[in-house]
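Visitor: Below is the file final23.cif, which contains mmCIF, C-alpha atoms and all ligand atoms.
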```cif
data_data
#
loop_
_atom_site.label_atom_id
_atom_site.label_comp_id
_atom_site.auth_asym_id
_atom_site.auth_seq_id
_atom_site.Cartn_x
_atom_site.Cartn_y
_atom_site.Cartn_z
CA MET A 1 208.04 -96.21 141.90
CA LYS A 2 206.63 -98.59 144.54
CA ASP A 3 208.77 -101.63 143.71
CA LEU A 4 211.80 -102.58 141.62
CA ILE A 5 210.72 -105.62 139.64
CA SER A 6 211.92 -104.87 136.11
CA LEU A 7 213.79 -102.00 134.45
CA HIS A 8 211.05 -102.16 131.81
CA ASP A 9 208.66 -100.68 134.41
CA LEU A 10 210.88 -97.65 135.06
CA THR A 11 211.14 -94.48 133.04
CA SER A 12 214.45 -93.41 131.63
CA ASN A 13 214.53 -90.56 134.16
CA GLU A 14 213.84 -92.90 137.07
CA ILE A 15 216.81 -95.05 136.04
CA LYS A 16 219.06 -92.03 135.61
CA GLY A 17 217.89 -90.76 139.01
CA LEU A 18 218.84 -94.07 140.66
CA LEU A 19 222.26 -94.01 139.00
CA SER A 20 223.02 -90.46 140.07
CA LEU A 21 221.85 -91.12 143.64
CA GLY A 22 224.04 -94.25 143.66
CA LEU A 23 227.05 -92.20 142.56
CA LYS A 24 226.30 -89.57 145.23
CA LEU A 25 226.04 -92.21 147.98
CA LYS A 26 229.27 -93.80 146.74
CA LYS A 27 231.09 -90.48 146.97
CA GLU A 28 229.69 -89.78 150.44
CA LEU A 29 230.74 -93.23 151.64
CA LYS A 30 234.29 -92.71 150.38
CA GLU A 31 234.42 -89.30 152.06
CA GLY A 32 233.12 -90.69 155.34
CA VAL A 33 229.86 -88.72 155.19
CA PRO A 34 227.15 -90.75 156.94
CA HIS A 35 223.74 -91.05 155.29
CA PRO A 36 221.30 -92.74 157.70
CA ILE A 37 218.36 -92.35 155.30
CA LEU A 38 216.69 -95.58 156.46
CA LYS A 39 217.29 -95.28 160.20
CA GLY A 40 214.97 -97.60 162.10
CA LYS A 41 213.76 -99.44 158.96
CA THR A 42 214.02 -103.16 158.33
CA LEU A 43 214.52 -104.96 155.01
CA GLY A 44 213.55 -108.63 154.80
CA MET A 45 215.76 -110.55 152.38
CA ILE A 46 214.20 -113.75 151.03
CA PHE A 47 216.58 -116.12 149.26
CA THR A 48 215.56 -119.38 147.62
CA LYS A 49 218.82 -119.42 145.59
CA SER A 50 222.47 -118.97 146.54
CA SER A 51 224.21 -115.60 146.55
CA THR A 52 227.45 -113.91 147.47
CA ARG A 53 227.26 -110.38 146.04
CA THR A 54 223.55 -109.78 146.37
CA ARG A 55 223.29 -110.90 149.96
CA VAL A 56 226.39 -109.10 151.16
CA SER A 57 225.76 -105.87 149.24
CA PHE A 58 222.15 -105.60 150.43
CA GLU A 59 223.08 -106.38 154.04
CA VAL A 60 225.98 -103.94 154.08
CA GLY A 61 224.00 -101.33 152.14
CA MET A 62 221.06 -101.45 154.53
CA THR A 63 223.45 -101.16 157.49
CA GLN A 64 225.19 -98.14 155.92
CA LEU A 65 221.78 -96.51 155.45
CA GLY A 66 221.13 -96.89 159.18
CA GLY A 67 218.61 -99.71 158.77
CA TYR A 68 218.53 -103.40 159.58
CA PRO A 69 218.77 -106.24 157.04
CA LEU A 70 217.02 -109.48 157.97
CA PHE A 71 218.21 -112.56 156.06
CA LEU A 72 215.37 -114.99 155.41
CA SER A 73 216.50 -118.24 153.81
CA SER A 74 213.66 -120.24 152.28
CA ASN A 75 215.12 -123.23 154.11
CA ASP A 76 214.15 -121.58 157.38
CA ILE A 77 210.91 -119.71 156.71
CA GLN A 78 207.53 -121.39 156.18
CA LEU A 79 207.44 -120.27 152.53
CA GLY A 80 209.88 -123.13 151.89
CA ARG A 81 207.38 -125.57 153.44
CA GLY A 82 204.44 -124.45 151.33
CA GLU A 83 203.02 -121.36 153.04
CA THR A 84 201.50 -119.21 150.31
CA ILE A 85 203.09 -116.07 148.92
CA HIS A 86 199.85 -114.26 149.79
CA ASP A 87 200.05 -115.13 153.49
CA THR A 88 203.79 -114.51 153.59
CA ALA A 89 203.27 -111.04 152.08
CA LYS A 90 200.43 -110.19 154.45
CA VAL A 91 202.47 -111.22 157.49
CA LEU A 92 205.78 -109.66 156.47
CA GLU A 93 204.21 -106.29 155.67
CA ARG A 94 203.22 -106.05 159.34
CA TYR A 95 206.86 -106.21 160.46
CA LEU A 96 209.02 -104.93 157.63
CA ASP A 97 209.54 -101.75 155.61
CA GLY A 98 210.65 -103.55 152.44
CA ILE A 99 211.29 -106.99 151.01
CA MET A 100 214.10 -108.09 148.74
CA ILE A 101 213.59 -111.45 147.06
CA ARG A 102 215.77 -113.79 144.98
CA THR A 103 213.88 -116.76 143.62
CA TYR A 104 213.11 -118.92 140.58
CA ALA A 105 209.69 -118.02 139.15
CA HIS A 106 209.31 -114.39 138.17
CA SER A 107 205.56 -114.73 138.73
CA ASP A 108 206.26 -115.30 142.45
CA VAL A 109 207.91 -111.89 142.70
CA LEU A 110 205.06 -110.24 140.81
CA GLU A 111 202.59 -111.87 143.21
CA LEU A 112 204.59 -110.80 146.26
CA ALA A 113 204.71 -107.21 145.02
CA GLU A 114 201.01 -107.26 144.28
CA GLU A 115 200.08 -108.62 147.71
CA ALA A 116 202.54 -106.74 149.94
CA ASN A 117 201.82 -103.12 150.79
CA ILE A 118 205.54 -102.45 151.19
CA PRO A 119 208.22 -102.09 148.48
CA VAL A 120 209.48 -105.29 146.87
CA ILE A 121 212.89 -105.48 145.19
CA ASN A 122 213.69 -108.19 142.63
CA ALA A 123 217.14 -109.53 143.48
CA LEU A 124 217.09 -112.04 140.58
CA THR A 125 214.52 -114.36 139.11
CA ASP A 126 214.85 -116.85 136.26
CA LEU A 127 213.67 -113.99 134.02
CA LEU A 128 215.38 -110.80 135.22
CA HIS A 129 218.21 -109.34 137.29
CA PRO A 130 217.57 -105.56 137.38
CA CYS A 131 219.82 -104.72 140.38
CA GLN A 132 222.83 -106.14 138.56
CA VAL A 133 222.17 -104.04 135.48
CA LEU A 134 221.83 -100.85 137.52
CA ALA A 135 225.31 -101.55 138.90
CA ASP A 136 226.59 -102.33 135.40
CA LEU A 137 225.20 -99.10 133.95
CA MET A 138 226.79 -97.17 136.82
CA THR A 139 230.11 -98.87 136.09
CA ALA A 140 229.88 -98.13 132.36
CA TYR A 141 229.12 -94.50 133.13
CA GLU A 142 232.09 -94.19 135.49
CA HIS A 143 234.49 -95.63 132.93
CA LYS A 144 233.10 -94.10 129.75
CA GLY A 145 231.69 -90.80 131.06
CA ARG A 146 228.38 -91.37 129.28
CA LEU A 147 225.79 -94.02 128.47
CA GLU A 148 223.95 -92.62 125.49
CA GLY A 149 225.52 -93.72 122.22
CA LEU A 150 227.57 -96.58 123.70
CA LYS A 151 227.43 -100.00 122.09
CA PHE A 152 226.81 -102.96 124.39
CA ALA A 153 227.34 -106.57 123.26
CA TYR A 154 226.07 -109.52 125.28
CA ILE A 155 227.38 -112.92 124.20
CA GLY A 156 226.04 -116.21 125.54
CA ASP A 157 222.84 -117.51 127.08
CA GLY A 158 219.55 -115.66 126.49
CA ASN A 159 218.94 -115.55 130.22
CA ASN A 160 217.95 -113.20 133.05
CA MET A 161 221.09 -111.08 132.50
CA ALA A 162 220.48 -110.74 128.76
CA HIS A 163 216.89 -109.69 129.43
CA SER A 164 217.70 -107.02 132.00
CA ILE A 165 220.58 -105.75 129.85
CA MET A 166 218.19 -105.21 126.94
CA TYR A 167 215.82 -103.21 129.13
CA GLY A 168 218.67 -101.25 130.73
CA CYS A 169 220.20 -100.33 127.37
CA ALA A 170 216.87 -99.37 125.84
CA LYS A 171 216.10 -97.00 128.71
CA THR A 172 219.49 -95.28 128.65
CA GLY A 173 220.12 -94.81 124.92
CA ILE A 174 222.68 -97.60 124.51
CA ASP A 175 222.79 -99.65 121.30
CA CYS A 176 222.55 -103.31 122.24
CA ALA A 177 223.53 -106.50 120.43
CA ILE A 178 222.75 -109.95 121.79
CA ALA A 179 224.30 -113.13 120.39
CA THR A 180 222.97 -116.48 121.58
CA PRO A 181 222.90 -119.99 120.10
CA ALA A 182 219.65 -120.76 118.24
CA GLY A 183 218.01 -122.84 120.95
CA TYR A 184 218.94 -120.42 123.73
CA ARG A 185 217.43 -117.18 122.55
CA CYS A 186 215.93 -114.57 124.83
CA ASP A 187 212.34 -114.84 126.01
CA GLU A 188 210.05 -113.65 123.21
CA GLU A 189 207.84 -111.48 125.39
CA VAL A 190 210.87 -109.73 126.87
CA VAL A 191 212.25 -109.11 123.38
CA GLU A 192 208.92 -107.63 122.26
CA ASN A 193 208.78 -105.34 125.31
CA ALA A 194 212.41 -104.37 124.81
CA LYS A 195 211.83 -103.58 121.13
CA ALA A 196 209.12 -101.12 122.15
CA ASP A 197 211.49 -99.56 124.71
CA PHE A 198 214.27 -99.26 122.10
CA LYS A 199 211.85 -97.65 119.66
CA ALA A 200 210.70 -95.16 122.29
CA GLY A 201 214.25 -94.38 123.44
CA GLY A 202 215.85 -94.20 119.99
CA SER A 203 218.74 -96.68 120.34
CA SER A 204 219.00 -99.98 118.48
CA LEU A 205 218.67 -103.69 119.25
CA LEU A 206 220.36 -106.43 117.23
CA ILE A 207 219.61 -110.08 117.92
CA THR A 208 221.83 -112.59 116.20
CA GLU A 209 223.38 -116.04 116.47
CA ASP A 210 226.75 -114.66 115.35
CA PRO A 211 229.00 -113.55 118.24
CA VAL A 212 231.39 -111.74 115.87
CA GLU A 213 228.56 -109.69 114.37
CA ALA A 214 227.33 -108.77 117.87
CA ILE A 215 230.70 -107.80 119.31
CA LYS A 216 231.94 -105.68 116.36
CA GLY A 217 232.98 -102.26 117.62
CA ALA A 218 231.34 -102.79 121.04
CA ASP A 219 232.29 -100.47 123.92
CA ILE A 220 231.11 -103.01 126.48
CA VAL A 221 231.36 -106.76 126.13
CA TYR A 222 229.31 -108.79 128.58
CA THR A 223 228.90 -112.47 129.24
CA ASP A 224 227.41 -114.64 131.97
CA THR A 225 227.50 -118.26 133.03
CA TRP A 226 226.14 -120.79 130.54
CA VAL A 227 224.55 -122.71 133.39
CA SER A 228 222.33 -120.50 135.50
CA MET A 229 221.02 -121.50 138.90
CA GLY A 230 218.39 -124.18 138.44
CA MET A 231 219.80 -125.45 135.12
CA GLU A 232 222.47 -127.73 136.56
CA ASP A 233 220.93 -130.81 134.86
CA GLU A 234 221.61 -129.30 131.43
CA LYS A 235 225.24 -128.51 132.19
CA GLU A 236 226.98 -131.08 129.99
CA GLU A 237 224.90 -130.31 126.91
CA ARG A 238 225.15 -126.56 127.39
CA LEU A 239 228.93 -126.54 127.72
CA LYS A 240 229.22 -128.15 124.28
CA ILE A 241 226.69 -125.92 122.54
CA PHE A 242 228.00 -122.66 123.99
CA MET A 243 231.73 -123.16 123.31
CA PRO A 244 231.65 -121.05 120.08
CA TYR A 245 230.29 -118.19 122.24
CA GLN A 246 233.27 -118.12 124.61
CA VAL A 247 234.60 -114.58 125.10
CA ASN A 248 238.28 -115.18 124.48
CA LYS A 249 241.06 -112.91 123.25
CA GLU A 250 240.27 -113.65 119.63
CA LEU A 251 236.59 -112.75 119.89
CA PHE A 252 237.27 -109.77 122.17
CA ALA A 253 239.67 -108.35 119.53
CA ASN A 254 236.59 -107.53 117.41
CA ALA A 255 235.30 -105.07 120.03
CA ALA A 256 236.41 -101.42 120.23
CA GLU A 257 240.06 -101.03 121.19
CA ASP A 258 239.14 -99.55 124.58
CA ALA A 259 236.21 -101.89 125.20
CA LEU A 260 235.34 -102.85 128.77
CA PHE A 261 234.78 -106.46 129.72
CA MET A 262 231.90 -107.06 132.13
CA HIS A 263 230.46 -110.10 133.90
CA CYS A 264 227.89 -110.18 136.68
CA LEU A 265 229.82 -112.99 138.42
CA PRO A 266 230.13 -115.74 139.50
CA ALA A 267 232.33 -116.53 136.48
CA TYR A 268 233.59 -119.85 135.20
CA ARG A 269 236.99 -119.28 133.60
CA GLY A 270 237.68 -121.46 130.59
CA PHE A 271 233.98 -121.65 129.76
CA GLU A 272 232.07 -118.41 129.03
CA VAL A 273 235.28 -116.35 129.31
CA THR A 274 239.02 -117.01 129.26
CA GLU A 275 241.42 -115.82 131.94
CA ASP A 276 243.26 -113.45 129.62
CA VAL A 277 240.03 -111.47 129.11
CA ILE A 278 238.37 -111.58 132.54
CA ASP A 279 241.64 -111.00 134.40
CA GLY A 280 243.01 -108.65 131.74
CA PRO A 281 243.40 -104.85 131.85
CA GLN A 282 240.02 -104.11 130.24
CA SER A 283 238.00 -106.10 132.75
CA VAL A 284 235.92 -104.10 135.28
CA ILE A 285 234.25 -107.04 137.03
CA PHE A 286 235.10 -105.96 140.57
CA ASP A 287 233.91 -102.40 139.93
CA GLU A 288 230.59 -103.90 138.90
CA ALA A 289 230.49 -105.99 142.06
CA GLU A 290 231.28 -102.93 144.21
CA ASN A 291 228.63 -100.87 142.46
CA ARG A 292 225.96 -103.39 143.45
CA LEU A 293 226.30 -101.84 146.90
CA HIS A 294 225.93 -98.23 145.79
CA ALA A 295 223.22 -98.81 143.17
CA GLN A 296 221.10 -100.88 145.56
CA LYS A 297 221.45 -98.30 148.32
CA ALA A 298 219.96 -95.84 145.85
CA VAL A 299 217.10 -98.27 145.16
CA MET A 300 216.40 -98.85 148.86
CA ALA A 301 216.64 -95.15 149.72
CA THR A 302 214.27 -94.26 146.86
CA LEU A 303 211.70 -96.93 147.70
CA MET A 304 211.87 -97.08 151.48
CA ALA A 305 212.64 -93.58 152.81
CA ASP A 306 209.79 -91.62 154.40
CA LYS A 307 208.23 -89.53 151.67
N1 LIG B 1 225.91 -111.18 140.42
C1 LIG B 1 225.22 -111.70 141.44
O1 LIG B 1 224.02 -111.50 141.58
O2 LIG B 1 225.97 -112.45 142.29
P1 LIG B 1 225.45 -113.39 143.48
O3 LIG B 1 224.75 -114.55 142.84
O4 LIG B 1 226.68 -113.79 144.21
O5 LIG B 1 224.51 -112.59 144.33
N1 LIG B 2 222.36 -116.03 135.08
C1 LIG B 2 222.93 -116.27 136.39
C2 LIG B 2 223.20 -114.98 137.08
C3 LIG B 2 223.86 -115.12 138.42
C4 LIG B 2 224.07 -113.80 139.10
C5 LIG B 2 221.97 -117.14 137.19
O1 LIG B 2 220.76 -116.89 137.15
O2 LIG B 2 222.44 -118.06 137.85
#
```
Just dump the structure as structure tokens.

Guide:
Amino acid sequence: MKDLISLHDLTSNEIKGLLSLGLKLKKELKEGVPHPILKGKTLGMIFTKSSTRTRVSFEVGMTQLGGYPLFLSSNDIQLGRGETIHDTAKVLERYLDGIMIRTYAHSDVLELAEEANIPVINALTDLLHPCQVLADLMTAYEHKGRLEGLKFAYIGDGNNMAHSIMYGCAKTGIDCAIATPAGYRCDEEVVENAKADFKAGGSSLLITEDPVEAIKGADIVYTDTWVSMGMEDEKEERLKIFMPYQVNKELFANAAEDALFMHCLPAYRGFEVTEDVIDGPQSVIFDEAENRLHAQKAVMATLMADK
């Protein structure tokens, strides 16, 4: 592993290794055991989109690992004024030990990883959000005691979350069902890659337009905003089309009795999910948010520690 760009690139064992290291670092943190694995190292954090969880969890995580996080807003660095990714990569690799990037085009992250001789971590693109899914898998494991054999249902937009969830489930033996409206299906190439991963791993993938079919008997029910960053112009139209996909009490009742409700956050109550579900007893949204910290520390420690 040189970079973390997509869970599709990782083996099942690499993902399990990251999850168990994340759980170990979480336990050590709670017990007050210091783990300065990245002492003296610096992580550059490029953001061309907003963030609460990602920014704070990476900054805090890097600090807890004994390193230094350097926030680089695209409003402030020359990348935002047209400097090339190539030149940015070649300059930053002279100063930094790793780069975390949140941006729009997935191809920009691929290019950065290709050009930079230091690890690159994808902290969300329009296509994928692997760090979030690592935290979600960790959360599912903590609550359910296993991953293999679970059933995961994602209801809503066929977006970056849906894509990374498919990859994450395929690599960890989770059966996955995705329900999206017809015009908002997942990216075809991602689905094809995921299908191959599901075949290799032995769990199943169901893609449907029917939220009830997807959610039936699910152990984990997941949704995300209907209006991702960069899609603000489509908001009005999307809110109408997606209403039948709202995760409300009625839809949630089709899941397993002890199903968990998950959301990457930020959430928009009354749209993709109702208050009774997201603020109800089966919701684990803040565990997911906390686990961003622990899972990403595992990623940084794995990629950036001296070998
Ligand atoms: N879930 C997530 O990535 O949140 P932020 O956009 O706040 O970083
Ligand atoms: N799909 C959302 C996820 C936010 C964490 C977005 O891209 O805006």

Visitor: Just checking: using all atoms listed in the file, which residue out of A:Lys49, A:His143, A:Lys307, A:Lys249 ends up closest to ligand LIG 2 (chain B)?

Guide: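 Counting all atoms listed in the file, the residue closest to ligand LIG 2 (chain B) is A:Lys49.
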
Visitor: So which residues are close to (219.5, -107.0, 128.2), meaning at most 10 Å away in the file's coordinates with only C-alpha atoms counted, and can you show them as a PyMOL selection string?

Guide: chain A and resi 7+128-130+133+152-154+158-170+176-178+186+190-191+194+205+222

Visitor: Mind writing the picked residues with C-alpha atoms as a PDB file, in the frame of the given file?

Guide:
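Saved the output as again27.pdb:
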```pdb
ATOM      1  CA  LEU A   7     213.790-102.000 134.450  1.00  0.00           C
ATOM      2  CA  LEU A 128     215.380-110.800 135.220  1.00  0.00           C
ATOM      3  CA  HIS A 129     218.210-109.340 137.290  1.00  0.00           C
ATOM      4  CA  PRO A 130     217.570-105.560 137.380  1.00  0.00           C
ATOM      5  CA  VAL A 133     222.170-104.040 135.480  1.00  0.00           C
ATOM      6  CA  PHE A 152     226.810-102.960 124.390  1.00  0.00           C
ATOM      7  CA  ALA A 153     227.340-106.570 123.260  1.00  0.00           C
ATOM      8  CA  TYR A 154     226.070-109.520 125.280  1.00  0.00           C
ATOM      9  CA  GLY A 158     219.550-115.660 126.490  1.00  0.00           C
ATOM     10  CA  ASN A 159     218.940-115.550 130.220  1.00  0.00           C
ATOM     11  CA  ASN A 160     217.950-113.200 133.050  1.00  0.00           C
ATOM     12  CA  MET A 161     221.090-111.080 132.500  1.00  0.00           C
ATOM     13  CA  ALA A 162     220.480-110.740 128.760  1.00  0.00           C
ATOM     14  CA  HIS A 163     216.890-109.690 129.430  1.00  0.00           C
ATOM     15  CA  SER A 164     217.700-107.020 132.000  1.00  0.00           C
ATOM     16  CA  ILE A 165     220.580-105.750 129.850  1.00  0.00           C
ATOM     17  CA  MET A 166     218.190-105.210 126.940  1.00  0.00           C
ATOM     18  CA  TYR A 167     215.820-103.210 129.130  1.00  0.00           C
ATOM     19  CA  GLY A 168     218.670-101.250 130.730  1.00  0.00           C
ATOM     20  CA  CYS A 169     220.200-100.330 127.370  1.00  0.00           C
ATOM     21  CA  ALA A 170     216.870 -99.370 125.840  1.00  0.00           C
ATOM     22  CA  CYS A 176     222.550-103.310 122.240  1.00  0.00           C
ATOM     23  CA  ALA A 177     223.530-106.500 120.430  1.00  0.00           C
ATOM     24  CA  ILE A 178     222.750-109.950 121.790  1.00  0.00           C
ATOM     25  CA  CYS A 186     215.930-114.570 124.830  1.00  0.00           C
ATOM     26  CA  VAL A 190     210.870-109.730 126.870  1.00  0.00           C
ATOM     27  CA  VAL A 191     212.250-109.110 123.380  1.00  0.00           C
ATOM     28  CA  ALA A 194     212.410-104.370 124.810  1.00  0.00           C
ATOM     29  CA  LEU A 205     218.670-103.690 119.250  1.00  0.00           C
ATOM     30  CA  TYR A 222     229.310-108.790 128.580  1.00  0.00           C
TER      31      TYR A 222
END
```

Visitor: Could you please give me, as a PyMOL selection string, the residues of protein, DNA or RNA lying at most 6 Å from (217.3, -106.0, 148.4) in the coordinate frame of the file, considering only C-alpha atoms?

Guide: chain A and resi 58+100+121

Visitor: Please provide the set of residues having any atom within 9 Å of Thr180 of chain A, restricted to all atoms listed in the file, with same-chain residues fewer than 5 positions apart removed, written as a list in words.

Guide: Tyr154, Ile155, Gly156, Asp157, Gly158, Arg185, Cys186, Ile207, Thr208, Glu209, Asp210, Pro211, Phe242 and Tyr245 of chain A

Visitor: Please identify every polymer residue within 9 Å of ligand LIG 2 (chain B), using all atoms listed in the file, and present the set as a ChimeraX atom specification.

Guide: /A:49-51,53-54,104,124-129,132,157,159-162,224-231,264-267

Visitor: A:Glu290, A:Asp97, A:Asp87, A:Glu257: which is nearest Leu303 of chain A, counting all atoms listed in the file?

Guide: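 For Leu303 of chain A, the nearest of the candidates is A:Asp97.
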
Visitor: Which value, in Å to one decimal, gives the distance between atom CA of Leu110 of chain A and atom CA of Ala295 of chain A?

Guide: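 Atom CA of Ala295 of chain A lies at a distance of 21.6 Å from atom CA of Leu110 of chain A.
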
Visitor: Using all atoms listed in the file, find the one residue out of A:Glu188, A:Glu59, A:Glu213, A:Glu148 that sits nearest to ligand LIG 1 (chain B).

Guide: A:Glu59

Visitor: With all atoms listed in the file as the basis for distance, which of A:Lys27, A:Arg102, A:His294, A:Lys235 is at the shortest distance from ligand LIG 1 (chain B)?

Guide: A:Arg102

Visitor: Taking into account all atoms listed in the file, which residue in the set A:Tyr184, A:Leu70, A:Leu137, A:Pro244 is nearest to Leu19 of chain A?

Guide: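 Comparing A:Tyr184, A:Leu70, A:Leu137, A:Pro244 against Leu19 of chain A, the winner is A:Leu137.
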
Visitor: In Å, with one decimal, what is the gap from atom CA of Leu251 of chain A to atom CA of Val277 of chain A?

Guide: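 We find that atom CA of Leu251 of chain A and atom CA of Val277 of chain A lie 9.9 Å from each other.
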
Visitor: Given all atoms listed in the file as the basis, pick out the residue of A:Thr11, A:Ser74, A:Ser6, A:Thr103 nearest to ligand LIG 1 (chain B).

Guide: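 Ranking A:Thr11, A:Ser74, A:Ser6, A:Thr103 by distance to ligand LIG 1 (chain B), first place goes to A:Thr103.
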
Visitor: Could you jot down the atom CA of Met1 of chain A to atom CA of Thr302 of chain A separation for me, Å, one decimal place?

Guide: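 Computing the Euclidean distance for atom CA of Met1 of chain A and atom CA of Thr302 of chain A yields 8.2 Å.
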
Visitor: Using all atoms of segment 298-303 of chain A that appear in the file, construct an axis-aligned enclosing box with 6 Å of padding on every side and provide its centre coordinates and edge lengths in Å, rounded to one decimal, as JSON.

Guide:
```
{"center_x": 215.8, "center_y": -96.6, "center_z": 147.4, "size_x": 20.3, "size_y": 16.6, "size_z": 16.6}
```

Visitor: Generate N, CA and C atoms for segment 174-196 of chain A and emit them as a PDB file, in the coordinates of the input.

Guide:
```
ATOM      1  N   ILE A 174     221.526 -96.788 124.933  1.00  0.00           N
ATOM      2  CA  ILE A 174     222.680 -97.600 124.510  1.00  0.00           C
ATOM      3  C   ILE A 174     222.236 -98.556 123.387  1.00  0.00           C
ATOM      4  N   ASP A 175     223.052 -98.654 122.346  1.00  0.00           N
ATOM      5  CA  ASP A 175     222.790 -99.650 121.300  1.00  0.00           C
ATOM      6  C   ASP A 175     223.192-101.016 121.844  1.00  0.00           C
ATOM      7  N   CYS A 176     222.331-102.007 121.604  1.00  0.00           N
ATOM      8  CA  CYS A 176     222.550-103.310 122.240  1.00  0.00           C
ATOM      9  C   CYS A 176     222.551-104.416 121.199  1.00  0.00           C
ATOM     10  N   ALA A 177     223.499-105.328 121.311  1.00  0.00           N
ATOM     11  CA  ALA A 177     223.530-106.500 120.430  1.00  0.00           C
ATOM     12  C   ALA A 177     223.625-107.736 121.306  1.00  0.00           C
ATOM     13  N   ILE A 178     222.792-108.723 120.988  1.00  0.00           N
ATOM     14  CA  ILE A 178     222.750-109.950 121.790  1.00  0.00           C
ATOM     15  C   ILE A 178     223.037-111.121 120.854  1.00  0.00           C
ATOM     16  N   ALA A 179     224.035-111.926 121.193  1.00  0.00           N
ATOM     17  CA  ALA A 179     224.300-113.130 120.390  1.00  0.00           C
ATOM     18  C   ALA A 179     224.126-114.364 121.265  1.00  0.00           C
ATOM     19  N   THR A 180     223.214-115.226 120.863  1.00  0.00           N
ATOM     20  CA  THR A 180     222.970-116.480 121.580  1.00  0.00           C
ATOM     21  C   THR A 180     222.901-117.624 120.565  1.00  0.00           C
ATOM     22  N   PRO A 181     223.156-118.860 120.993  1.00  0.00           N
ATOM     23  CA  PRO A 181     222.900-119.990 120.100  1.00  0.00           C
ATOM     24  C   PRO A 181     221.389-120.086 119.819  1.00  0.00           C
ATOM     25  N   ALA A 182     221.053-120.734 118.704  1.00  0.00           N
ATOM     26  CA  ALA A 182     219.650-120.760 118.240  1.00  0.00           C
ATOM     27  C   ALA A 182     218.664-121.235 119.316  1.00  0.00           C
ATOM     28  N   GLY A 183     218.981-122.301 119.994  1.00  0.00           N
ATOM     29  CA  GLY A 183     218.010-122.840 120.950  1.00  0.00           C
ATOM     30  C   GLY A 183     217.994-122.112 122.284  1.00  0.00           C
ATOM     31  N   TYR A 184     218.784-121.076 122.424  1.00  0.00           N
ATOM     32  CA  TYR A 184     218.940-120.420 123.730  1.00  0.00           C
ATOM     33  C   TYR A 184     218.716-118.916 123.625  1.00  0.00           C
ATOM     34  N   ARG A 185     217.750-118.582 122.768  1.00  0.00           N
ATOM     35  CA  ARG A 185     217.430-117.180 122.550  1.00  0.00           C
ATOM     36  C   ARG A 185     216.728-116.575 123.764  1.00  0.00           C
ATOM     37  N   CYS A 186     216.637-115.264 123.759  1.00  0.00           N
ATOM     38  CA  CYS A 186     215.930-114.570 124.830  1.00  0.00           C
ATOM     39  C   CYS A 186     214.434-114.871 124.775  1.00  0.00           C
ATOM     40  N   ASP A 187     213.787-114.677 125.897  1.00  0.00           N
ATOM     41  CA  ASP A 187     212.340-114.840 126.010  1.00  0.00           C
ATOM     42  C   ASP A 187     211.637-113.890 125.029  1.00  0.00           C
ATOM     43  N   GLU A 188     210.680-114.439 124.280  1.00  0.00           N
ATOM     44  CA  GLU A 188     210.050-113.650 123.210  1.00  0.00           C
ATOM     45  C   GLU A 188     209.291-112.432 123.723  1.00  0.00           C
ATOM     46  N   GLU A 189     208.613-112.613 124.844  1.00  0.00           N
ATOM     47  CA  GLU A 189     207.840-111.480 125.390  1.00  0.00           C
ATOM     48  C   GLU A 189     208.774-110.358 125.841  1.00  0.00           C
ATOM     49  N   VAL A 190     209.896-110.748 126.450  1.00  0.00           N
ATOM     50  CA  VAL A 190     210.870-109.730 126.870  1.00  0.00           C
ATOM     51  C   VAL A 190     211.412-108.990 125.653  1.00  0.00           C
ATOM     52  N   VAL A 191     211.708-109.741 124.594  1.00  0.00           N
ATOM     53  CA  VAL A 191     212.250-109.110 123.380  1.00  0.00           C
ATOM     54  C   VAL A 191     211.222-108.127 122.809  1.00  0.00           C
ATOM     55  N   GLU A 192     209.961-108.532 122.790  1.00  0.00           N
ATOM     56  CA  GLU A 192     208.920-107.630 122.260  1.00  0.00           C
ATOM     57  C   GLU A 192     208.829-106.352 123.109  1.00  0.00           C
ATOM     58  N   ASN A 193     208.818-106.518 124.412  1.00  0.00           N
ATOM     59  CA  ASN A 193     208.780-105.340 125.310  1.00  0.00           C
ATOM     60  C   ASN A 193     210.008-104.464 125.092  1.00  0.00           C
ATOM     61  N   ALA A 194     211.159-105.123 124.968  1.00  0.00           N
ATOM     62  CA  ALA A 194     212.410-104.370 124.810  1.00  0.00           C
ATOM     63  C   ALA A 194     212.396-103.606 123.489  1.00  0.00           C
ATOM     64  N   LYS A 195     211.895-104.255 122.446  1.00  0.00           N
ATOM     65  CA  LYS A 195     211.830-103.580 121.130  1.00  0.00           C
ATOM     66  C   LYS A 195     211.045-102.287 121.244  1.00  0.00           C
ATOM     67  N   ALA A 196     209.938-102.338 121.971  1.00  0.00           N
ATOM     68  CA  ALA A 196     209.120-101.120 122.150  1.00  0.00           C
ATOM     69  C   ALA A 196     209.919-100.068 122.918  1.00  0.00           C
TER      70      ALA A 196
END
```
